[in-house]
>>> print(open('structure-v9.csv').read())   # CSV, N, CA and C atoms
chain,number,residue,atom,x,y,z
A,218,MET,N,-0.3,10.5,-14.2
A,218,MET,CA,0.0,10.2,-12.8
A,218,MET,C,-0.5,11.4,-11.9
A,219,ASP,N,-1.1,11.0,-10.8
A,219,ASP,CA,-1.6,12.1,-9.9
A,219,ASP,C,-1.0,12.1,-8.6
A,220,GLY,N,-1.4,13.0,-7.7
A,220,GLY,CA,-0.8,13.1,-6.4
A,220,GLY,C,-0.9,11.9,-5.5
A,221,TYR,N,-2.1,11.2,-5.7
A,221,TYR,CA,-2.3,10.0,-4.9
A,221,TYR,C,-1.3,8.9,-5.2
A,222,PHE,N,-1.0,8.8,-6.5
A,222,PHE,CA,0.0,7.8,-6.9
A,222,PHE,C,1.4,8.2,-6.3
A,223,TYR,N,1.7,9.4,-6.4
A,223,TYR,CA,3.1,9.9,-5.9
A,223,TYR,C,3.2,9.7,-4.4
A,224,SER,N,2.1,10.0,-3.7
A,224,SER,CA,2.2,9.8,-2.2
A,224,SER,C,2.4,8.3,-1.9
A,225,ILE,N,1.7,7.4,-2.6
A,225,ILE,CA,1.9,6.0,-2.4
A,225,ILE,C,3.3,5.6,-2.8
A,226,LEU,N,3.8,6.2,-3.9
A,226,LEU,CA,5.2,5.9,-4.3
A,226,LEU,C,6.2,6.2,-3.3
A,227,ILE,N,6.1,7.4,-2.7
A,227,ILE,CA,7.1,7.8,-1.7
A,227,ILE,C,6.9,7.0,-0.4
A,228,VAL,N,5.7,6.9,0.1
A,228,VAL,CA,5.5,6.2,1.4
A,228,VAL,C,5.8,4.8,1.2
A,229,GLY,N,5.4,4.2,0.1
A,229,GLY,CA,5.7,2.7,-0.1
A,229,GLY,C,7.1,2.4,-0.2
A,230,LEU,N,7.9,3.2,-0.9
A,230,LEU,CA,9.3,3.0,-1.1
A,230,LEU,C,10.1,3.2,0.2
A,231,VAL,N,9.7,4.2,1.0
A,231,VAL,CA,10.4,4.5,2.3
A,231,VAL,C,10.1,3.3,3.2
A,232,SER,N,8.8,2.8,3.2
A,232,SER,CA,8.4,1.7,4.1
A,232,SER,C,9.2,0.4,3.7
A,233,THR,N,9.3,0.2,2.4
A,233,THR,CA,10.0,-1.0,1.9
A,233,THR,C,11.5,-1.0,2.3
A,234,ILE,N,12.1,0.2,2.1
A,234,ILE,CA,13.5,0.3,2.5
A,234,ILE,C,13.7,0.1,4.0
A,235,MET,N,12.9,0.7,4.8
A,235,MET,CA,13.0,0.6,6.2
A,235,MET,C,12.9,-0.9,6.7
A,236,CYS,N,11.9,-1.6,6.1
A,236,CYS,CA,11.6,-2.9,6.5
A,236,CYS,C,12.7,-3.9,6.0
A,237,LEU,N,13.2,-3.6,4.8
A,237,LEU,CA,14.3,-4.4,4.3
A,237,LEU,C,15.6,-4.3,5.1
A,238,VAL,N,15.9,-3.1,5.5
A,238,VAL,CA,17.1,-2.8,6.3
A,238,VAL,C,16.9,-3.5,7.6
A,239,ALA,N,15.8,-3.4,8.2
A,239,ALA,CA,15.6,-4.1,9.5
A,239,ALA,C,15.7,-5.6,9.4
A,240,GLY,N,15.1,-6.1,8.3
A,240,GLY,CA,15.3,-7.6,8.1
A,240,GLY,C,16.7,-8.0,7.9
A,241,LEU,N,17.4,-7.2,7.1
A,241,LEU,CA,18.8,-7.6,6.8
A,241,LEU,C,19.7,-7.4,8.1
A,242,MET,N,19.3,-6.6,9.0
A,242,MET,CA,20.0,-6.4,10.2
A,242,MET,C,19.5,-7.5,11.3
A,243,LYS,N,18.7,-8.4,10.8
A,243,LYS,CA,18.2,-9.5,11.7
A,243,LYS,C,17.4,-9.0,12.9
A,244,LYS,N,16.7,-7.9,12.7
A,244,LYS,CA,15.8,-7.4,13.8
A,244,LYS,C,14.4,-7.9,13.6
A,245,ALA,N,13.7,-8.1,14.8
A,245,ALA,CA,12.3,-8.4,14.7
A,245,ALA,C,11.5,-7.1,14.4
A,246,PRO,N,10.3,-7.3,13.9
A,246,PRO,CA,9.5,-6.1,13.6
A,246,PRO,C,9.4,-5.2,14.9
A,247,ASN,N,9.5,-4.0,14.7
A,247,ASN,CA,9.4,-3.0,15.8
A,247,ASN,C,8.5,-1.9,15.4
A,248,ASP,N,8.3,-0.9,16.2
A,248,ASP,CA,7.4,0.2,16.0
A,248,ASP,C,7.7,0.9,14.7
A,249,PRO,N,8.9,1.3,14.4
A,249,PRO,CA,9.1,2.0,13.1
A,249,PRO,C,8.7,1.2,11.9
A,250,THR,N,9.0,-0.1,11.8
A,250,THR,CA,8.7,-0.9,10.7
A,250,THR,C,7.2,-1.1,10.6
A,251,ILE,N,6.5,-1.4,11.7
A,251,ILE,CA,5.1,-1.5,11.6
A,251,ILE,C,4.4,-0.2,11.3
A,252,PHE,N,4.8,0.9,11.9
A,252,PHE,CA,4.2,2.2,11.6
A,252,PHE,C,4.4,2.6,10.2
A,253,SER,N,5.5,2.2,9.6
A,253,SER,CA,5.8,2.6,8.2
A,253,SER,C,4.8,1.9,7.3
A,254,VAL,N,4.4,0.6,7.6
A,254,VAL,CA,3.4,-0.1,6.8
A,254,VAL,C,2.0,0.5,7.1
A,255,LEU,N,1.8,0.9,8.3
A,255,LEU,CA,0.5,1.6,8.6
A,255,LEU,C,0.4,3.0,7.9
A,256,ALA,N,1.5,3.6,7.7
A,256,ALA,CA,1.5,4.8,6.9
A,256,ALA,C,1.1,4.6,5.4
A,257,VAL,N,1.5,3.4,4.9
A,257,VAL,CA,1.0,3.0,3.6
A,257,VAL,C,-0.5,2.8,3.6
A,258,GLU,N,-1.0,2.2,4.7
A,258,GLU,CA,-2.5,2.1,4.8
A,258,GLU,C,-3.2,3.5,4.8
A,259,VAL,N,-2.6,4.4,5.6
A,259,VAL,CA,-3.2,5.7,5.6
A,259,VAL,C,-3.1,6.4,4.3
A,260,ALA,N,-2.1,6.2,3.5
A,260,ALA,CA,-2.0,6.8,2.2
A,260,ALA,C,-3.1,6.2,1.3
A,261,LEU,N,-3.3,4.9,1.4
A,261,LEU,CA,-4.4,4.2,0.7
A,261,LEU,C,-5.8,4.7,1.1
A,262,LEU,N,-6.0,5.0,2.4
A,262,LEU,CA,-7.2,5.5,2.8
A,262,LEU,C,-7.5,6.9,2.3
A,263,VAL,N,-6.4,7.7,2.2
A,263,VAL,CA,-6.6,9.0,1.5
A,263,VAL,C,-6.9,8.9,0.1
A,264,TYR,N,-6.3,7.9,-0.6
A,264,TYR,CA,-6.6,7.6,-2.0
A,264,TYR,C,-8.1,7.2,-2.1
A,265,LEU,N,-8.6,6.3,-1.2
A,265,LEU,CA,-10.0,5.9,-1.2
A,265,LEU,C,-10.9,7.1,-1.1
A,266,VAL,N,-10.7,8.0,-0.1
A,266,VAL,CA,-11.5,9.2,0.1
A,266,VAL,C,-11.5,10.1,-1.1
A,267,GLY,N,-10.3,10.3,-1.6
A,267,GLY,CA,-10.1,11.1,-2.8
A,267,GLY,C,-10.8,10.6,-4.0
A,268,SER,N,-10.8,9.2,-4.2
A,268,SER,CA,-11.5,8.6,-5.3
A,268,SER,C,-13.0,8.7,-5.2
A,269,ILE,N,-13.5,8.6,-4.0
A,269,ILE,CA,-14.9,8.7,-3.7
A,269,ILE,C,-15.4,10.1,-4.1
A,270,VAL,N,-14.6,11.1,-3.6
A,270,VAL,CA,-14.9,12.5,-3.9
A,270,VAL,C,-14.9,12.8,-5.4
A,271,ARG,N,-13.9,12.2,-6.1
A,271,ARG,CA,-13.7,12.4,-7.5
A,271,ARG,C,-14.9,11.8,-8.3
A,272,VAL,N,-15.4,10.7,-7.9
A,272,VAL,CA,-16.5,10.0,-8.5
A,272,VAL,C,-17.8,10.8,-8.2
A,273,ALA,N,-17.9,11.3,-6.9
A,273,ALA,CA,-19.1,12.0,-6.5
A,273,ALA,C,-19.2,13.3,-7.3
A,274,THR,N,-18.1,13.9,-7.7
A,274,THR,CA,-18.1,15.2,-8.4
A,274,THR,C,-18.3,15.0,-9.9
A,275,GLY,N,-18.4,13.8,-10.3
A,275,GLY,CA,-18.7,13.5,-11.7
A,275,GLY,C,-17.5,13.2,-12.6
A,276,GLU,N,-16.4,13.0,-12.0
A,276,GLU,CA,-15.2,12.6,-12.8
A,276,GLU,C,-15.4,11.2,-13.2
A,277,GLN,N,-15.0,10.9,-14.5
A,277,GLN,CA,-15.2,9.5,-15.0
A,277,GLN,C,-13.8,8.8,-15.1
A,278,MET,N,-13.9,7.5,-14.9
A,278,MET,CA,-12.7,6.6,-15.1
A,278,MET,C,-12.6,6.2,-16.6
A,279,ALA,N,-11.4,6.1,-17.1
A,279,ALA,CA,-11.3,5.6,-18.4
A,279,ALA,C,-11.5,4.1,-18.5
A,280,GLY,N,-11.2,3.3,-17.5
A,280,GLY,CA,-11.4,1.9,-17.5
A,280,GLY,C,-12.6,1.5,-16.7
A,281,GLU,N,-12.6,0.2,-16.4
A,281,GLU,CA,-13.8,-0.4,-15.7
A,281,GLU,C,-13.7,0.0,-14.2
A,282,ALA,N,-14.9,0.5,-13.7
A,282,ALA,CA,-15.0,0.9,-12.3
A,282,ALA,C,-14.8,-0.3,-11.3
A,283,TRP,N,-15.4,-1.4,-11.7
A,283,TRP,CA,-15.3,-2.6,-10.8
A,283,TRP,C,-13.8,-3.0,-10.6
A,284,GLU,N,-13.0,-2.8,-11.7
A,284,GLU,CA,-11.6,-3.2,-11.6
A,284,GLU,C,-10.8,-2.3,-10.7
A,285,PHE,N,-11.1,-1.0,-10.8
A,285,PHE,CA,-10.4,0.0,-10.0
A,285,PHE,C,-10.8,-0.2,-8.5
A,286,TRP,N,-12.1,-0.4,-8.2
A,286,TRP,CA,-12.5,-0.5,-6.8
A,286,TRP,C,-12.0,-1.9,-6.3
A,287,GLY,N,-11.9,-2.9,-7.1
A,287,GLY,CA,-11.3,-4.2,-6.7
A,287,GLY,C,-9.9,-4.1,-6.3
A,288,TYR,N,-9.1,-3.4,-7.1
A,288,TYR,CA,-7.7,-3.2,-6.8
A,288,TYR,C,-7.5,-2.4,-5.5
A,289,LEU,N,-8.4,-1.3,-5.4
A,289,LEU,CA,-8.2,-0.5,-4.2
A,289,LEU,C,-8.6,-1.3,-2.9
A,290,ALA,N,-9.7,-2.1,-3.0
A,290,ALA,CA,-10.1,-2.9,-1.8
A,290,ALA,C,-9.0,-3.9,-1.5
A,291,THR,N,-8.4,-4.5,-2.5
A,291,THR,CA,-7.4,-5.5,-2.2
A,291,THR,C,-6.1,-4.8,-1.6
A,292,ALA,N,-5.8,-3.7,-2.2
A,292,ALA,CA,-4.6,-2.9,-1.7
A,292,ALA,C,-4.8,-2.5,-0.2
A,293,LEU,N,-6.0,-2.2,0.1
A,293,LEU,CA,-6.3,-1.8,1.5
A,293,LEU,C,-6.2,-2.9,2.5
A,294,MET,N,-6.4,-4.2,2.0
A,294,MET,CA,-6.2,-5.3,2.9
A,294,MET,C,-4.8,-5.8,3.1
A,295,ILE,N,-3.9,-5.5,2.1
A,295,ILE,CA,-2.6,-6.1,2.2
A,295,ILE,C,-1.8,-5.5,3.4
A,296,PRO,N,-1.8,-4.2,3.7
A,296,PRO,CA,-1.0,-3.8,4.8
A,296,PRO,C,-1.5,-4.3,6.2
A,297,LEU,N,-2.8,-4.4,6.3
A,297,LEU,CA,-3.4,-4.9,7.5
A,297,LEU,C,-3.0,-6.4,7.7
A,298,GLY,N,-3.0,-7.2,6.7
A,298,GLY,CA,-2.6,-8.6,6.8
A,298,GLY,C,-1.2,-8.7,7.2
A,299,ALA,N,-0.3,-7.9,6.6
A,299,ALA,CA,1.1,-8.0,6.9
A,299,ALA,C,1.4,-7.5,8.3
A,300,VAL,N,0.7,-6.5,8.8
A,300,VAL,CA,0.9,-6.1,10.2
A,300,VAL,C,0.5,-7.1,11.1
A,301,TYR,N,-0.7,-7.8,10.8
A,301,TYR,CA,-1.2,-8.9,11.7
A,301,TYR,C,-0.2,-10.0,11.7
A,302,TRP,N,0.4,-10.3,10.6
A,302,TRP,CA,1.5,-11.4,10.5
A,302,TRP,C,2.7,-11.0,11.4
A,303,ALA,N,3.1,-9.7,11.2
A,303,ALA,CA,4.3,-9.3,12.0
A,303,ALA,C,4.1,-9.3,13.5
A,304,ILE,N,2.8,-9.0,13.9
A,304,ILE,CA,2.6,-9.0,15.3
A,304,ILE,C,2.5,-10.4,15.8
A,305,LEU,N,2.0,-11.4,15.0
A,305,LEU,CA,1.9,-12.8,15.5
A,305,LEU,C,3.3,-13.4,15.4
A,306,GLU,N,4.1,-13.2,14.4
A,306,GLU,CA,5.4,-13.9,14.2
A,306,GLU,C,6.5,-12.8,14.4
A,307,ARG,N,7.0,-12.7,15.5
A,307,ARG,CA,8.0,-11.7,15.8
A,307,ARG,C,9.4,-12.1,15.5
A,308,THR,N,9.6,-12.5,14.2
A,308,THR,CA,11.0,-12.9,13.7
A,308,THR,C,11.4,-11.9,12.7
A,309,ARG,N,12.7,-12.0,12.3
A,309,ARG,CA,13.2,-11.1,11.3
A,309,ARG,C,12.5,-11.3,10.0
A,310,TRP,N,12.0,-12.5,9.7
A,310,TRP,CA,11.4,-12.7,8.4
A,310,TRP,C,10.1,-11.9,8.2
A,311,SER,N,9.5,-11.6,9.3
A,311,SER,CA,8.3,-10.7,9.2
A,311,SER,C,8.6,-9.4,8.6
A,312,ASN,N,9.8,-8.9,8.9
A,312,ASN,CA,10.2,-7.6,8.2
A,312,ASN,C,10.2,-7.7,6.7
A,313,PHE,N,10.6,-8.9,6.2
A,313,PHE,CA,10.5,-9.0,4.7
A,313,PHE,C,9.1,-9.1,4.2
A,314,VAL,N,8.2,-9.7,5.0
A,314,VAL,CA,6.8,-9.6,4.6
A,314,VAL,C,6.3,-8.2,4.6
A,315,LEU,N,6.7,-7.4,5.7
A,315,LEU,CA,6.3,-6.0,5.7
A,315,LEU,C,7.0,-5.2,4.5
A,316,ALA,N,8.2,-5.6,4.2
A,316,ALA,CA,8.8,-4.9,3.0
A,316,ALA,C,8.1,-5.1,1.7
A,317,ALA,N,7.5,-6.3,1.6
A,317,ALA,CA,6.8,-6.6,0.3
A,317,ALA,C,5.5,-5.7,0.2
A,318,VAL,N,5.0,-5.2,1.3
A,318,VAL,CA,3.8,-4.4,1.2
A,318,VAL,C,4.0,-3.1,0.4
A,319,GLY,N,5.1,-2.4,0.6
A,319,GLY,CA,5.3,-1.1,-0.1
A,319,GLY,C,5.3,-1.3,-1.6
A,320,VAL,N,6.1,-2.3,-2.1
A,320,VAL,CA,6.2,-2.5,-3.5
A,320,VAL,C,4.9,-3.1,-4.1
A,321,THR,N,4.3,-4.0,-3.4
A,321,THR,CA,3.0,-4.6,-3.9
A,321,THR,C,2.0,-3.5,-4.1
A,322,VAL,N,1.8,-2.7,-3.1
A,322,VAL,CA,0.8,-1.6,-3.1
A,322,VAL,C,1.2,-0.6,-4.2
A,323,LEU,N,2.4,-0.3,-4.3
A,323,LEU,CA,2.9,0.6,-5.4
A,323,LEU,C,2.5,0.1,-6.8
A,324,VAL,N,2.7,-1.2,-7.0
A,324,VAL,CA,2.4,-1.7,-8.3
A,324,VAL,C,0.8,-1.7,-8.5
A,325,MET,N,0.1,-1.9,-7.5
A,325,MET,CA,-1.4,-1.9,-7.6
A,325,MET,C,-1.8,-0.4,-7.8
A,326,ALA,N,-1.2,0.5,-7.1
A,326,ALA,CA,-1.5,1.9,-7.3
A,326,ALA,C,-1.2,2.4,-8.8
A,327,ALA,N,-0.1,1.9,-9.3
A,327,ALA,CA,0.2,2.2,-10.7
A,327,ALA,C,-0.9,1.7,-11.6
A,328,ARG,N,-1.4,0.4,-11.4
A,328,ARG,CA,-2.5,-0.1,-12.2
A,328,ARG,C,-3.8,0.7,-12.0
A,329,MET,N,-4.1,1.1,-10.8
A,329,MET,CA,-5.3,1.9,-10.5
A,329,MET,C,-5.2,3.2,-11.3
A,330,ASN,N,-4.0,3.8,-11.3
A,330,ASN,CA,-3.8,5.0,-12.1
A,330,ASN,C,-4.0,4.8,-13.6
A,331,GLN,N,-3.6,3.7,-14.1
A,331,GLN,CA,-3.9,3.3,-15.5
A,331,GLN,C,-5.3,3.2,-15.8
A,332,ILE,N,-6.0,2.5,-14.9
A,332,ILE,CA,-7.5,2.3,-15.0
A,332,ILE,C,-8.2,3.7,-15.0
A,333,TRP,N,-7.8,4.6,-14.1
A,333,TRP,CA,-8.5,5.8,-13.9
A,333,TRP,C,-8.3,6.7,-15.2
A,334,TYR,N,-7.0,6.8,-15.7
A,334,TYR,CA,-6.8,7.6,-16.8
A,334,TYR,C,-6.7,6.9,-18.1
>>> encode(input="structure-v9.csv", output="structure tokens")
Amino acid sequence: MDGYFYSILIVGLVSTIMCLVAGLMKKAPNDPTIFSVLAVEVALLVYLVGSIVRVATGEQMAGEAWEFWGYLATALMIPLGAVYWAILERTRWSNFVLAAVGVTVLVMAARMNQIWY
């Protein structure tokens, strides 16, 4: 496990907890919940840049490169789709969609870590 995974672990779990609590409190998506998901996106962008630098410096992946980059590209789209959903549908249920982002991206980051090492 590397620092990129741990950053997504922390940010993803905090985001999931914040969005779950807001949903359970029957609140519509608000700035804290949306920004928490955008923080997950920022952590993924840092992961992307770090991965590009690692490949450019000659570090090799243990698994298939296409699989790693596919997971990363998909993970980068998930928070954006969830935020778009939350902005369009301002109900408490959107917070549960936002909550799913953190754990989904976390699982994908764990798989990316397995592919890399």
>>> residues_around(input="structure-v9.csv", residues="Glu284 in chain A", least_positions_apart="5", cutoff="10 Å", atoms="only C-alpha atoms", output="number ranges by chain")
A: 289-290, 328-329, 332-333
>>> write_last_selection(input="structure-v9.csv", atoms="N, CA and C atoms", output="PDB file, in the coordinates of the input")
ATOM      1  N   LEU A 289      -8.400  -1.300  -5.400  1.00  0.00           N
ATOM      2  CA  LEU A 289      -8.200  -0.500  -4.200  1.00  0.00           C
ATOM      3  C   LEU A 289      -8.600  -1.300  -2.900  1.00  0.00           C
ATOM      4  N   ALA A 290      -9.700  -2.100  -3.000  1.00  0.00           N
ATOM      5  CA  ALA A 290     -10.100  -2.900  -1.800  1.00  0.00           C
ATOM      6  C   ALA A 290      -9.000  -3.900  -1.500  1.00  0.00           C
ATOM      7  N   ARG A 328      -1.400   0.400 -11.400  1.00  0.00           N
ATOM      8  CA  ARG A 328      -2.500  -0.100 -12.200  1.00  0.00           C
ATOM      9  C   ARG A 328      -3.800   0.700 -12.000  1.00  0.00           C
ATOM     10  N   MET A 329      -4.100   1.100 -10.800  1.00  0.00           N
ATOM     11  CA  MET A 329      -5.300   1.900 -10.500  1.00  0.00           C
ATOM     12  C   MET A 329      -5.200   3.200 -11.300  1.00  0.00           C
ATOM     13  N   ILE A 332      -6.000   2.500 -14.900  1.00  0.00           N
ATOM     14  CA  ILE A 332      -7.500   2.300 -15.000  1.00  0.00           C
ATOM     15  C   ILE A 332      -8.200   3.700 -15.000  1.00  0.00           C
ATOM     16  N   TRP A 333      -7.800   4.600 -14.100  1.00  0.00           N
ATOM     17  CA  TRP A 333      -8.500   5.800 -13.900  1.00  0.00           C
ATOM     18  C   TRP A 333      -8.300   6.700 -15.200  1.00  0.00           C
TER      19      TRP A 333
END
>>> atom_distance(input="structure-v9.csv", atom1="atom C of Val300 in chain A", atom2="CA of Leu261 in chain A")
16.1 Å
>>> closest_residue(input="structure-v9.csv", among="A:Pro246, A:Met278, A:Trp283, A:Val324", to="Ile304 in chain A", atoms="all atoms listed in the file")
A:Pro246
>>> closest_residue(input="structure-v9.csv", among="A:Val272, A:Val231, A:Cys236, A:Met294", to="Phe313 in chain A", atoms="only N, CA and C atoms")
A:Cys236
>>> atom_distance(input="structure-v9.csv", atom1="CA of Trp302 in chain A", atom2="CA of Val318 in chain A")
11.9 Å
>>> residues_around(input="structure-v9.csv", residues="Met242 in chain A", least_positions_apart="5", cutoff="12 Å", atoms="only C-alpha atoms", output="PDB file with N, CA and C atoms, in the coordinates of the input")
ATOM      1  N   MET A 235      12.900   0.700   4.800  1.00  0.00           N
ATOM      2  CA  MET A 235      13.000   0.600   6.200  1.00  0.00           C
ATOM      3  C   MET A 235      12.900  -0.900   6.700  1.00  0.00           C
ATOM      4  N   CYS A 236      11.900  -1.600   6.100  1.00  0.00           N
ATOM      5  CA  CYS A 236      11.600  -2.900   6.500  1.00  0.00           C
ATOM      6  C   CYS A 236      12.700  -3.900   6.000  1.00  0.00           C
ATOM      7  N   LEU A 237      13.200  -3.600   4.800  1.00  0.00           N
ATOM      8  CA  LEU A 237      14.300  -4.400   4.300  1.00  0.00           C
ATOM      9  C   LEU A 237      15.600  -4.300   5.100  1.00  0.00           C
ATOM     10  N   THR A 308       9.600 -12.500  14.200  1.00  0.00           N
ATOM     11  CA  THR A 308      11.000 -12.900  13.700  1.00  0.00           C
ATOM     12  C   THR A 308      11.400 -11.900  12.700  1.00  0.00           C
ATOM     13  N   ARG A 309      12.700 -12.000  12.300  1.00  0.00           N
ATOM     14  CA  ARG A 309      13.200 -11.100  11.300  1.00  0.00           C
ATOM     15  C   ARG A 309      12.500 -11.300  10.000  1.00  0.00           C
ATOM     16  N   TRP A 310      12.000 -12.500   9.700  1.00  0.00           N
ATOM     17  CA  TRP A 310      11.400 -12.700   8.400  1.00  0.00           C
ATOM     18  C   TRP A 310      10.100 -11.900   8.200  1.00  0.00           C
ATOM     19  N   ASN A 312       9.800  -8.900   8.900  1.00  0.00           N
ATOM     20  CA  ASN A 312      10.200  -7.600   8.200  1.00  0.00           C
ATOM     21  C   ASN A 312      10.200  -7.700   6.700  1.00  0.00           C
ATOM     22  N   PHE A 313      10.600  -8.900   6.200  1.00  0.00           N
ATOM     23  CA  PHE A 313      10.500  -9.000   4.700  1.00  0.00           C
ATOM     24  C   PHE A 313       9.100  -9.100   4.200  1.00  0.00           C
TER      25      PHE A 313
END
>>> select_by_dssp(input="structure-v9.csv", residues="chain A", states="helix (DSSP H, G or I)", output="number ranges by chain")
A: 220-241, 248-273, 282-305, 309-333
>>> atom_distance(input="structure-v9.csv", atom1="CA of Ala282 in chain A", atom2="atom C of Val322 in chain A")
18.2 Å
>>> closest_residue(input="structure-v9.csv", among="A:Val259, A:Ile234, A:Ile269, A:Ala303", to="Ala316 in chain A", atoms="all atoms listed in the file")
A:Ile234
>>> closest_residue(input="structure-v9.csv", among="A:Phe285, A:Ala299, A:Val263, A:Tyr223", to="Ser311 in chain A", atoms="all atoms listed in the file")
A:Ala299
>>> residues_around(input="structure-v9.csv", residues="Val228 in chain A", least_positions_apart="2", cutoff="9 Å", atoms="only C-alpha atoms", output="list in words")
Tyr223, Ser224, Ile225, Leu226, Leu230, Val231, Ser232, Thr233, Ser253, Val254, Ala256, Val257, Ala260 and Gly319 of chain A
>>> closest_residue(input="structure-v9.csv", among="A:Val314, A:Ala273, A:Ala327, A:Leu265", to="Trp286 in chain A", atoms="only C-alpha atoms")
A:Leu265
>>> residues_around(input="structure-v9.csv", residues="Met325 in chain A", least_positions_apart="5", cutoff="6.5 Å", atoms="all atoms listed in the file", output="PDB file with N, CA and C atoms, keeping the file's coordinate frame")
ATOM      1  N   TYR A 288      -9.100  -3.400  -7.100  1.00  0.00           N
ATOM      2  CA  TYR A 288      -7.700  -3.200  -6.800  1.00  0.00           C
ATOM      3  C   TYR A 288      -7.500  -2.400  -5.500  1.00  0.00           C
ATOM      4  N   VAL A 320       6.100  -2.300  -2.100  1.00  0.00           N
ATOM      5  CA  VAL A 320       6.200  -2.500  -3.500  1.00  0.00           C
ATOM      6  C   VAL A 320       4.900  -3.100  -4.100  1.00  0.00           C
ATOM      7  N   ASN A 330      -4.000   3.800 -11.300  1.00  0.00           N
ATOM      8  CA  ASN A 330      -3.800   5.000 -12.100  1.00  0.00           C
ATOM      9  C   ASN A 330      -4.000   4.800 -13.600  1.00  0.00           C
TER      10      ASN A 330
END
>>> closest_residue(input="structure-v9.csv", among="A:Gly267, A:Gly220, A:Gly229, A:Pro249", to="Thr321 in chain A", atoms="only N, CA and C atoms")
A:Gly229
